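Novice: This is the content of run_2.txt (compact mmCIF, C-alpha atoms):
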```txt
# COMPACT_ATOMS: atom_id res chain seq x y z
CA MET R 163 4.62 -30.62 -32.50
CA THR R 164 2.91 -33.01 -30.17
CA ALA R 165 -0.83 -33.42 -30.38
CA THR R 166 -1.36 -32.52 -26.74
CA VAL R 167 -1.30 -28.90 -25.64
CA THR R 168 1.82 -28.18 -23.59
CA LEU R 169 2.20 -25.74 -20.75
CA THR R 170 4.31 -23.58 -23.09
CA ASP R 171 1.44 -23.42 -25.61
CA ARG R 172 -0.92 -22.36 -22.89
CA TYR R 173 1.55 -19.78 -21.57
CA VAL R 174 2.18 -18.20 -24.98
CA ASP R 175 -1.55 -18.15 -25.80
CA THR R 176 -2.35 -16.47 -22.50
CA ALA R 177 0.34 -13.86 -22.93
CA MET R 178 -0.80 -13.06 -26.47
CA ARG R 179 -4.43 -12.49 -25.46
CA THR R 180 -3.70 -8.91 -24.47
CA VAL R 181 -1.15 -8.10 -27.19
CA PRO R 182 -2.37 -6.10 -30.22
CA GLU R 183 -3.13 -8.30 -33.23
CA ALA R 184 -0.40 -6.73 -35.38
CA GLN R 185 2.44 -7.76 -33.04
CA ARG R 186 0.98 -11.09 -32.01
CA ALA R 187 2.54 -13.54 -34.48
CA ASP R 188 6.01 -12.01 -34.17
CA LEU R 189 5.93 -11.85 -30.38
CA ALA R 190 4.48 -15.34 -30.01
CA ALA R 191 7.22 -16.85 -32.16
CA GLU R 192 9.95 -15.01 -30.29
CA LEU R 193 8.55 -15.83 -26.86
CA ARG R 194 8.14 -19.50 -27.79
CA ALA R 195 11.71 -19.71 -29.10
CA SER R 196 13.06 -18.06 -25.96
CA ILE R 197 11.14 -20.43 -23.69
CA GLU R 198 12.30 -23.45 -25.69
CA ASP R 199 15.93 -22.21 -25.56
CA GLN R 200 15.69 -21.91 -21.80
CA ILE R 201 14.10 -25.34 -21.40
CA GLU R 202 16.74 -26.88 -23.64
CA ALA R 203 19.52 -25.37 -21.56
CA ARG R 204 18.06 -26.89 -18.41
CA VAL R 205 17.49 -30.30 -20.08
CA GLU R 206 21.12 -30.34 -21.22
CA GLN R 207 22.12 -30.05 -17.57
CA GLY R 208 20.16 -33.26 -16.87
CA GLU R 209 16.82 -31.89 -15.73
CA PRO R 210 13.68 -33.77 -16.92
CA HIS R 211 11.79 -31.85 -19.64
CA ASP R 212 8.57 -31.44 -17.64
CA SER R 213 10.12 -29.93 -14.55
CA ALA R 214 12.43 -27.77 -16.71
CA GLU R 215 9.39 -26.36 -18.54
CA ARG R 216 7.63 -25.71 -15.28
CA ALA R 217 10.66 -23.97 -13.79
CA VAL R 218 11.18 -21.74 -16.86
CA LEU R 219 7.53 -20.64 -16.96
CA THR R 220 7.49 -20.03 -13.20
CA GLU R 221 10.52 -17.80 -13.60
CA LEU R 222 8.87 -15.83 -16.42
CA GLY R 223 5.94 -15.15 -14.12
CA ASP R 224 2.38 -14.05 -14.78
CA PRO R 225 1.87 -13.98 -18.58
CA ASP R 226 -0.40 -10.93 -18.40
CA LYS R 227 2.34 -9.04 -16.58
CA LEU R 228 4.88 -10.08 -19.19
CA ALA R 229 2.54 -8.98 -21.98
CA ALA R 230 2.07 -5.61 -20.26
CA GLY R 231 5.85 -5.24 -20.26
CA TYR R 232 5.97 -6.01 -24.00
CA THR R 233 3.30 -3.51 -24.90
CA ASP R 234 4.20 -0.75 -22.38
CA ARG R 235 0.80 -1.04 -20.80
CA PRO R 236 0.51 0.39 -17.27
CA LEU R 237 -0.23 -2.13 -14.51
CA TRP R 238 -1.89 0.48 -12.32
CA LEU R 239 -5.18 2.34 -12.40
CA VAL R 240 -3.77 5.84 -11.93
CA GLY R 241 0.02 6.09 -11.96
CA PRO R 242 2.44 8.63 -10.50
CA ARG R 243 2.05 10.96 -13.51
CA TYR R 244 -1.60 11.62 -12.74
CA PHE R 245 -1.93 10.61 -9.10
CA LEU R 246 -1.58 14.12 -7.61
CA ASP R 247 -3.96 15.71 -10.14
CA TRP R 248 -6.46 12.93 -9.47
CA TRP R 249 -6.17 13.19 -5.71
CA ARG R 250 -6.42 17.01 -5.61
CA LEU R 251 -9.44 17.10 -7.91
CA LEU R 252 -11.20 14.31 -6.02
CA LYS R 253 -10.66 16.01 -2.65
CA LEU R 254 -11.88 19.34 -4.02
CA LEU R 255 -15.02 17.76 -5.46
CA LEU R 256 -15.69 15.83 -2.25
CA TYR R 257 -15.46 19.06 -0.26
CA ILE R 258 -17.92 20.91 -2.47
CA VAL R 259 -20.38 18.66 -4.23
CA PRO R 260 -21.90 16.49 -1.45
CA ALA R 261 -22.47 19.54 0.79
CA CYS R 262 -24.14 21.49 -2.05
CA ALA R 263 -26.26 18.50 -3.06
CA ALA R 264 -27.38 17.84 0.53
CA PHE R 265 -28.19 21.51 1.12
CA GLY R 266 -30.13 21.83 -2.15
CA VAL R 267 -32.12 18.65 -1.70
CA ALA R 268 -32.89 19.40 1.97
CA LEU R 269 -34.09 22.90 1.09
CA ALA R 270 -36.26 21.62 -1.75
CA MET R 271 -37.78 18.90 0.45
CA VAL R 272 -38.55 21.33 3.27
CA LEU R 273 -40.23 23.70 0.81
CA ASP R 274 -42.18 20.70 -0.40
CA GLY R 275 -43.37 20.01 3.14
CA ALA R 276 -41.32 16.91 3.93
CA THR R 277 -40.82 15.84 7.54
CA PHE R 278 -37.42 15.76 9.26
CA GLY R 279 -37.36 11.96 9.10
CA GLU R 280 -38.16 11.92 5.40
CA ILE R 281 -35.34 14.39 4.71
CA VAL R 282 -32.78 12.38 6.68
CA GLY R 283 -34.01 9.22 4.97
CA ALA R 284 -33.48 10.84 1.58
CA LEU R 285 -30.15 12.51 2.41
CA VAL R 286 -28.27 9.41 3.59
CA PRO R 287 -28.63 7.41 0.34
CA LEU R 288 -28.22 10.63 -1.66
CA LEU R 289 -24.88 11.45 0.00
CA LEU R 290 -23.68 7.87 -0.41
CA SER R 291 -24.49 7.81 -4.10
CA VAL R 292 -23.06 11.29 -4.70
CA VAL R 293 -19.76 10.27 -3.08
CA VAL R 294 -19.60 6.97 -4.96
CA HIS R 295 -20.45 8.64 -8.27
CA LEU R 296 -17.88 11.38 -7.76
CA ALA R 297 -15.13 8.93 -6.92
CA PHE R 298 -16.04 6.56 -9.74
CA TRP R 299 -16.36 9.05 -12.59
CA THR R 300 -13.35 11.13 -11.55
CA THR R 301 -11.22 8.00 -11.35
CA LEU R 302 -12.56 6.73 -14.68
CA VAL R 303 -11.52 9.94 -16.44
CA PHE R 304 -8.00 9.58 -15.05
CA VAL R 305 -7.83 5.88 -15.94
CA ILE R 306 -8.66 6.85 -19.54
CA LEU R 307 -6.12 9.71 -19.47
CA GLU R 308 -3.51 7.27 -18.17
CA ARG R 309 -4.16 4.89 -21.06
CA THR R 310 -4.46 7.42 -23.85
CA GLY R 311 -1.19 9.08 -22.85
CA HIS R 312 -2.02 12.72 -22.50
CA ASP R 313 1.01 14.45 -21.14
CA THR R 314 -0.29 16.26 -18.11
CA MET R 315 -3.39 18.05 -16.92
CA THR R 316 -1.78 21.26 -15.79
CA SER R 317 -0.53 23.53 -18.53
CA GLY R 318 3.16 24.09 -18.01
CA PRO R 319 5.57 22.85 -15.37
CA TRP R 320 5.23 23.53 -11.69
CA THR R 321 6.66 26.85 -10.47
CA PRO R 322 7.10 28.20 -6.92
CA ASP R 323 4.39 30.78 -7.75
CA GLN R 324 1.82 28.01 -7.42
CA LEU R 325 2.63 27.54 -3.73
CA PRO R 326 -0.42 28.24 -1.57
CA GLU R 327 -0.42 31.37 0.60
CA PRO R 328 0.62 30.59 4.19
CA ARG R 329 -2.37 29.68 6.29
CA GLN R 330 -3.40 32.36 8.67
CA LYS R 331 -2.30 31.40 12.16
CA GLY R 332 -2.78 34.62 14.05
CA VAL R 333 -5.82 36.86 14.18
CA GLY R 334 -5.15 40.46 13.21
CA LEU R 335 -6.75 43.76 13.98
CA GLY R 336 -8.66 43.58 10.69
CA ASP R 337 -10.50 40.43 11.79
CA MET R 338 -11.61 42.01 15.05
CA ILE R 339 -12.80 45.19 13.32
CA THR R 340 -14.71 43.10 10.77
CA SER R 341 -16.42 41.10 13.52
CA LEU R 342 -17.30 44.17 15.59
CA ALA R 343 -18.51 46.11 12.54
CA PHE R 344 -20.69 43.18 11.49
CA LEU R 345 -22.26 42.97 14.97
CA ALA R 346 -22.83 46.75 15.06
CA ILE R 347 -24.45 46.71 11.63
CA MET R 348 -26.71 43.84 12.71
CA VAL R 349 -27.86 45.82 15.75
CA GLY R 350 -28.53 48.83 13.52
CA VAL R 351 -30.46 46.76 10.97
CA VAL R 352 -32.65 45.16 13.64
CA LEU R 353 -33.45 48.50 15.31
CA TRP R 354 -34.10 50.22 11.96
CA ASP R 355 -36.38 47.35 10.94
CA LEU R 356 -38.38 47.48 14.16
CA PHE R 357 -38.78 51.25 14.43
CA VAL R 358 -38.55 52.56 10.85
CA GLY R 359 -39.06 49.66 8.49
CA PHE R 360 -37.42 48.89 5.14
CA VAL R 361 -40.50 49.20 2.95
CA PRO R 362 -40.83 52.86 1.91
CA THR R 363 -44.53 52.56 1.08
CA GLU R 364 -45.37 50.95 4.44
CA PRO R 365 -43.66 52.98 7.18
CA GLY R 366 -43.48 51.11 10.46
CA LEU R 367 -43.97 47.65 8.86
CA SER R 368 -41.18 45.49 10.28
CA PHE R 369 -39.86 42.20 8.92
CA LEU R 370 -39.29 40.85 12.42
CA ASP R 371 -42.32 40.21 14.59
CA PRO R 372 -42.97 43.41 16.65
CA GLY R 373 -43.82 41.15 19.62
CA LEU R 374 -40.09 40.32 19.95
CA TRP R 375 -39.45 43.80 21.32
CA PRO R 376 -38.21 44.42 23.92
CA TRP R 377 -37.10 41.22 25.70
CA TRP R 378 -36.20 38.86 22.86
CA ILE R 379 -34.38 41.60 20.97
CA LEU R 380 -32.53 42.82 24.06
CA ALA R 381 -31.52 39.22 24.84
CA LEU R 382 -30.21 38.93 21.29
CA PHE R 383 -28.19 42.12 21.75
CA ALA R 384 -26.80 40.77 25.03
CA VAL R 385 -25.57 37.59 23.32
CA MET R 386 -24.16 39.67 20.46
CA ALA R 387 -22.30 41.77 23.03
CA LEU R 388 -20.77 38.53 24.34
CA GLU R 389 -19.75 37.65 20.79
CA ALA R 390 -18.08 41.05 20.56
CA VAL R 391 -16.22 40.21 23.76
CA VAL R 392 -15.06 36.91 22.23
CA ALA R 393 -13.82 38.80 19.14
CA VAL R 394 -11.85 41.21 21.32
CA VAL R 395 -10.38 38.39 23.44
CA VAL R 396 -9.36 36.49 20.29
CA TYR R 397 -7.59 39.62 19.08
CA ALA R 398 -5.95 40.18 22.47
CA ILE R 399 -4.63 36.60 22.66
CA GLY R 400 -3.69 36.76 18.99
CA ARG R 401 -5.32 33.50 17.94
CA TRP R 402 -8.33 31.23 18.39
CA THR R 403 -7.95 28.77 21.28
CA ILE R 404 -10.06 25.69 21.95
CA PRO R 405 -11.97 27.27 24.92
CA LEU R 406 -12.68 30.38 22.82
CA ALA R 407 -13.93 28.24 19.94
CA VAL R 408 -16.18 26.33 22.37
CA ALA R 409 -17.52 29.62 23.79
CA ASN R 410 -18.14 30.85 20.26
CA GLY R 411 -20.03 27.65 19.45
CA ILE R 412 -22.18 28.00 22.58
CA LEU R 413 -23.01 31.61 21.70
CA ASN R 414 -23.97 30.54 18.19
CA LEU R 415 -26.25 27.87 19.71
CA VAL R 416 -27.75 30.41 22.09
CA ILE R 417 -28.71 32.59 19.12
CA ALA R 418 -29.63 29.91 16.57
CA VAL R 419 -31.76 27.59 18.71
CA PRO R 420 -34.20 30.22 20.05
CA ALA R 421 -34.30 31.90 16.64
CA LEU R 422 -35.25 28.63 14.96
CA TRP R 423 -37.77 27.86 17.68
CA LEU R 424 -39.39 31.29 17.25
CA LEU R 425 -39.35 30.76 13.49
CA PHE R 426 -41.23 27.48 13.71
CA GLU R 427 -43.63 28.94 16.23
CA GLY R 428 -44.34 31.66 13.67
CA ARG R 429 -43.12 34.35 16.05
CA LEU R 430 -39.89 35.43 14.37
CA ILE R 431 -41.16 36.99 11.16
CA ASN R 432 -43.96 39.54 11.27
CA PRO R 433 -47.05 37.60 10.06
CA ALA R 434 -48.40 40.81 8.51
CA TYR R 435 -45.22 41.50 6.51
CA PHE R 436 -45.70 39.51 3.30
CA PRO R 437 -49.48 39.72 3.07
CA THR R 438 -49.08 43.53 3.25
CA ILE R 439 -46.44 43.93 0.55
CA ILE R 440 -47.62 41.07 -1.71
CA PRO R 441 -51.40 40.97 -1.30
CA ASP R 442 -52.04 38.00 -3.64
CA ASP R 443 -49.52 35.28 -2.72
CA GLY R 444 -48.16 36.81 0.47
CA ALA R 445 -48.91 33.86 2.73
CA GLU R 446 -47.19 31.37 0.46
CA VAL R 447 -44.16 33.60 -0.10
CA GLY R 448 -43.94 34.08 3.67
CA GLN R 449 -43.88 30.29 4.14
CA ILE R 450 -41.04 29.85 1.66
CA VAL R 451 -39.05 32.78 3.03
CA SER R 452 -39.32 31.51 6.59
CA ILE R 453 -37.95 28.12 5.53
CA ILE R 454 -35.05 29.79 3.74
CA VAL R 455 -34.44 32.01 6.77
CA GLY R 456 -34.30 28.87 8.91
CA PHE R 457 -31.66 27.34 6.65
CA VAL R 458 -29.65 30.58 6.65
CA ILE R 459 -29.72 30.82 10.48
CA ALA R 460 -28.61 27.20 10.87
CA GLY R 461 -26.06 27.56 8.06
CA ILE R 462 -24.41 30.66 9.54
CA ALA R 463 -24.27 29.14 13.03
CA ILE R 464 -22.72 25.90 11.77
CA TRP R 465 -20.29 27.67 9.43
CA ASP R 466 -19.11 30.14 12.07
CA THR R 467 -18.68 27.42 14.71
CA VAL R 468 -16.74 25.11 12.38
CA ASP R 469 -14.62 28.01 11.09
CA ALA R 470 -13.58 29.03 14.61
CA ALA R 471 -12.94 25.40 15.61
CA LEU R 472 -10.71 24.83 12.56
CA LYS R 473 -8.77 28.02 13.26
CA ALA R 474 -8.28 26.95 16.88
CA VAL R 475 -7.02 23.49 15.88
CA ARG R 476 -4.70 25.00 13.26
CA ALA R 477 -3.34 27.59 15.69
CA ARG R 478 -2.65 24.88 18.25
CA ARG R 479 -0.71 22.80 15.73
CA ALA R 480 1.39 25.77 14.64
CA MET S 270 10.31 -5.10 4.52
CA SER S 271 13.40 -6.87 5.85
CA GLU S 272 16.86 -5.36 5.61
CA SER S 273 17.98 -7.74 2.86
CA GLU S 274 14.89 -6.89 0.77
CA ILE S 275 15.62 -3.18 1.15
CA LEU S 276 19.23 -3.79 0.10
CA GLU S 277 17.99 -5.80 -2.89
CA THR S 278 15.67 -2.93 -3.96
CA HIS S 279 18.50 -0.40 -3.78
CA LEU S 280 20.84 -2.65 -5.76
CA GLN S 281 18.16 -3.17 -8.42
CA GLU S 282 17.71 0.58 -8.78
CA LEU S 283 21.45 1.09 -9.07
CA ARG S 284 21.79 -1.57 -11.78
CA ARG S 285 18.70 -0.76 -13.80
CA GLY S 286 20.30 1.41 -16.48
CA THR S 287 23.44 -0.71 -16.77
CA VAL S 288 21.50 -3.60 -18.36
CA VAL S 289 20.43 -1.26 -21.19
CA LEU S 290 24.02 -0.17 -21.67
CA ALA S 291 25.28 -3.77 -21.65
CA CYS S 292 22.63 -4.86 -24.19
CA LEU S 293 23.50 -2.04 -26.58
CA ARG S 294 27.20 -2.84 -26.39
CA LEU S 295 26.83 -6.64 -26.64
CA LEU S 296 24.39 -6.46 -29.56
CA GLU S 297 26.95 -4.75 -31.76
CA THR S 298 27.31 -8.42 -32.78
CA PRO S 299 23.74 -9.67 -33.46
CA GLY S 300 22.20 -11.81 -30.75
CA TYR S 301 18.87 -13.36 -29.74
CA GLY S 302 16.93 -13.26 -26.49
CA TYR S 303 18.11 -16.32 -24.59
CA GLY S 304 21.71 -16.10 -25.88
CA LEU S 305 21.91 -12.52 -24.69
CA LEU S 306 20.38 -13.45 -21.32
CA GLU S 307 23.14 -16.04 -20.81
CA GLU S 308 25.89 -13.71 -21.91
CA LEU S 309 24.67 -10.93 -19.66
CA GLY S 310 24.68 -13.37 -16.73
CA GLU S 311 28.22 -14.55 -17.51
CA ARG S 312 29.47 -10.98 -17.74
CA GLY S 313 28.01 -10.04 -14.38
CA PHE S 314 24.83 -8.28 -15.50
CA SER S 315 22.41 -10.86 -14.13
CA THR S 316 18.89 -10.11 -15.40
CA ASP S 317 15.55 -11.88 -15.38
CA ALA S 318 14.09 -13.13 -18.64
CA ASN S 319 10.84 -11.27 -17.98
CA THR S 320 12.79 -8.00 -17.71
CA LEU S 321 15.12 -8.54 -20.67
CA TYR S 322 12.58 -9.60 -23.34
CA PRO S 323 10.31 -6.56 -22.94
CA LEU S 324 13.42 -4.35 -22.73
CA LEU S 325 14.65 -5.57 -26.13
CA ARG S 326 11.25 -4.80 -27.65
CA ARG S 327 11.25 -1.33 -26.15
CA LEU S 328 14.74 -0.53 -27.42
CA GLU S 329 13.70 -1.77 -30.85
CA LYS S 330 10.60 0.42 -30.81
CA GLN S 331 12.74 3.41 -29.84
CA GLY S 332 15.04 2.72 -32.79
CA PHE S 333 18.16 1.74 -30.81
CA LEU S 334 17.99 -1.89 -31.98
CA THR S 335 17.07 -3.44 -35.32
CA SER S 336 15.82 -7.00 -35.64
CA GLU S 337 15.74 -9.77 -38.16
CA TRP S 338 14.39 -13.31 -38.10
CA ASN S 339 16.97 -16.03 -38.66
CA THR S 340 15.22 -19.12 -40.06
CA GLU S 341 18.31 -20.99 -41.18
CA GLU S 342 18.64 -23.03 -37.99
CA SER S 343 16.15 -25.61 -36.75
CA ARG S 344 14.60 -23.11 -34.35
CA PRO S 345 13.74 -19.73 -35.89
CA ARG S 346 15.08 -16.92 -33.71
CA LYS S 347 14.74 -13.19 -33.72
CA PHE S 348 18.17 -11.57 -33.86
CA TYR S 349 18.70 -8.04 -32.55
CA ARG S 350 21.49 -5.69 -33.56
CA THR S 351 22.42 -2.26 -32.22
CA SER S 352 21.53 0.52 -34.68
CA ASP S 353 23.60 3.64 -35.30
CA ALA S 354 21.37 5.54 -32.87
CA GLY S 355 21.92 2.70 -30.40
CA LEU S 356 25.70 3.02 -30.76
CA ARG S 357 25.47 6.74 -30.04
CA LEU S 358 23.27 6.07 -27.01
CA ALA S 359 25.71 3.41 -25.75
CA GLY S 360 28.55 5.91 -26.11
CA ALA S 361 26.66 8.57 -24.16
CA LEU S 362 25.68 6.08 -21.44
CA THR S 363 29.25 4.75 -21.14
CA ASP S 364 30.65 8.28 -20.79
CA ASP S 365 28.10 9.09 -18.15
CA PHE S 366 28.75 5.86 -16.26
CA ARG S 367 32.49 6.62 -16.17
CA ALA S 368 31.76 10.14 -14.94
CA ILE S 369 29.58 8.72 -12.15
CA ALA S 370 32.27 6.17 -11.24
CA ALA S 371 34.85 8.95 -11.06
CA ALA S 372 32.50 11.07 -8.96
CA ILE S 373 31.96 8.16 -6.56
CA ASP S 374 35.72 7.64 -6.27
CA ALA S 375 36.07 11.31 -5.44
CA LEU S 376 33.60 11.05 -2.56
CA PRO S 377 35.04 11.30 0.97
CA GLU S 378 36.64 7.99 2.00
CA GLU S 379 34.44 5.60 3.94
CA ASN S 380 35.79 4.52 7.27
```
Here is the file; what I need is its structure written in the form of structure tokens.

Specialist:
Amino acid sequence: MTATVTLTDRYVDTAMRTVPEAQRADLAAELRASIEDQIEARVEQGEPHDSAERAVLTELGDPDKLAAGYTDRPLWLVGPRYFLDWWRLLKLLLYIVPACAAFGVALAMVLDGATFGEIVGALVPLLLSVVVHLAFWTTLVFVILERTGHDTMTSGPWTPDQLPEPRQKGVGLGDMITSLAFLAIMVGVVLWDLFVGFVPTEPGLSFLDPGLWPWWILALFAVMALEAVVAVVVYAIGRWTIPLAVANGILNLVIAVPALWLLFEGRLINPAYFPTIIPDDGAEVGQIVSIIVGFVIAGIAIWDTVDAALKAVRARRA
Amino acid sequence: MSESEILETHLQELRRGTVVLACLRLLETPGYGYGLLEELGERGFSTDANTLYPLLRRLEKQGFLTSEWNTEESRPRKFYRTSDAGLRLAGALTDDFRAIAAAIDALPEEN
């Protein structure tokens, strides 16, 4: 052994860093012998020792990679065995969690009296950190799974029964009847509320502001009649088209924007409603309910518009 | 990826299992890492050192090879030898390889 540290020494040391202690001495001796055999063979063919050593080590490549080969360690974060499980779970979580978190926090902040700017200012960093946390922790779990060698996440092999149902491309009679029935029920509920009332002990007490009758309510019914027309046209054509989806979105806007405006003006919900049925905390309950109603109106409008748009895009692709 | 690289990848995939088979058959007489690497090359199974050395370890761990240190010569070397299980595996692999070769011969003639 020479006193100076050779490239071979350094190579073997580096490779052994990541090898379990128990195998280290054995592997180091074998690797060193193999390297020296290879160098010797090159020197015998007239190559200087230094360049032979360099060539042999270059050919062996990155010592960490070699060590991973020796110890069967994966050189990837999430390999093919887990990739699909990881990707499906991550997508599912990203669809659900950020939306729920944003909705919950926004609702809580509005109830707490925060301004629009404050809510947006809180939501942006919240969404960023939720997405980063989701991606990080999900991936970490799979990295650990990958390295502890659990067989698979799903119990049992894949079978054709797990295939998803075909996506609905056409719109059937059932969809139209559902839409029309929903609109008819809404009309009935509004009229019953205004003229009969839902509180048995307080006949004639309506949830909606009585001042909305007749013009605001009739305008609402007119827009709902247009929505019924859209539902019938969708059924007649057999699918959602882009112009129909746009029309549907406009109708949703036409209902949601005035409704929200009336709500914030305090003209949508009967101001006497909650103080009458809950004498003590009526005003405060009314405040909270009107905020929740606002979220529900916006939520339904957005959901219905996006739903129709997605169906239109899907139907066009089909 | 250029055409020659694609060809190289396909050839590598085709040859992958044959190195295992060749090792198991050659190590019926005990051999050590570098000696085996040379012999494989001479017999037309050219392999890289960084593929062969981990492969020998893996086959040993799976019980198809046994090993022993030879310290009689100036340079101590780890000698591998095919175990009984290894011989059976080599037999199964050889049979399968012949079956594949026959199946390829039976494919429609290339023009």

Novice: Restrict the distance test to all atoms listed in the file, flag each residue of chain S within 6 Å of chain R, and return the flagged residues as JSON, numbers by chain.

Specialist: {"S": [303, 319, 323]}

Novice: Pick out the residues sitting within 8 Å of R:Tyr397, and hand them over as a PyMOL selection string; count all atoms listed in the file, and ignore anything fewer than 6 positions along from it in its own chain.

Specialist: chain R and resi 333-335+337-338

Novice: Between atom CA of R:Ser213 and atom CA of S:Asp317, what is the distance, to one decimal in Å?

Specialist: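 Atom CA of R:Ser213 sits 18.9 Å away from atom CA of S:Asp317.
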
Novice: What is the atom CA of R:Met271-atom CA of R:Val292 distance in Å, reported with one decimal?

Specialist: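 These two atoms are separated by 17.4 Å.
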
Novice: Can you measure atom CA of R:Val358 to atom CA of R:Ile379 for me? One decimal in Å is fine.

Specialist: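 Distance between the two atoms: 15.5 Å.
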
Novice: Check the smallest atom-to-atom distance from each of R:Thr220, R:Tyr257, R:Trp354, R:Gly400 to S:Ala318 using only C-alpha atoms, then report the winner.

Specialist: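 That would be R:Thr220, the residue with the smallest distance to S:Ala318.
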
Novice: Residues near R:Gly448, anyone? I mean within 10 Å using all atoms listed in the file, not counting same-chain ones fewer than 5 positions away, as a list in words.

Specialist: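 So, after excluding close chain neighbours, the residues are Ile431, Asn432, Pro433, Ala434, Tyr435, Phe436, Pro437, Ile440, Asp443, Ile453 and Ile454 of chain R.
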
Novice: Find, counting all atoms listed in the file, the residue in S:Leu358, S:Leu280, S:Leu305, S:Ala371 that gets nearest to S:Leu324.

Specialist: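 Ranking S:Leu358, S:Leu280, S:Leu305, S:Ala371 by distance to S:Leu324, first place goes to S:Leu305.
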
Novice: Give as JSON, numbers by chain every residue, naming chains and numbers as the document does, that has an atom within 12 Å of (-35.7, 29.3, 16.9), counting all atoms listed in the file.

Specialist: {"R": [378, 382, 414, 415, 416, 417, 418, 419, 420, 421, 422, 423, 424, 425, 426, 427, 428, 429, 430, 431, 452, 453, 455, 456, 457, 458, 459, 460]}

Novice: Do you know which residues are at most 10 Å from S:Thr351 counting only C-alpha atoms, after dropping those on the same chain fewer than 5 positions away, and could you put them as a PyMOL selection string?

Specialist: chain S and resi 292-300+328-329+332-336+356-359

Novice: Any idea what's packed within 9 Å of R:Leu406, counting all atoms listed in the file, ignoring anything in its chain fewer than 2 positions away? Could you give it as a VMD selection string?

Specialist: chain R and resid 392 395 to 396 402 to 404 408 to 411 470 to 471 474

Novice: As a ChimeraX atom specification, please: the residues near R:Pro365 (cut-off 12 Å, all atoms listed in the file, same-chain neighbours under 3 positions excluded).

Specialist: /R:354-362,368-369,435,438-439
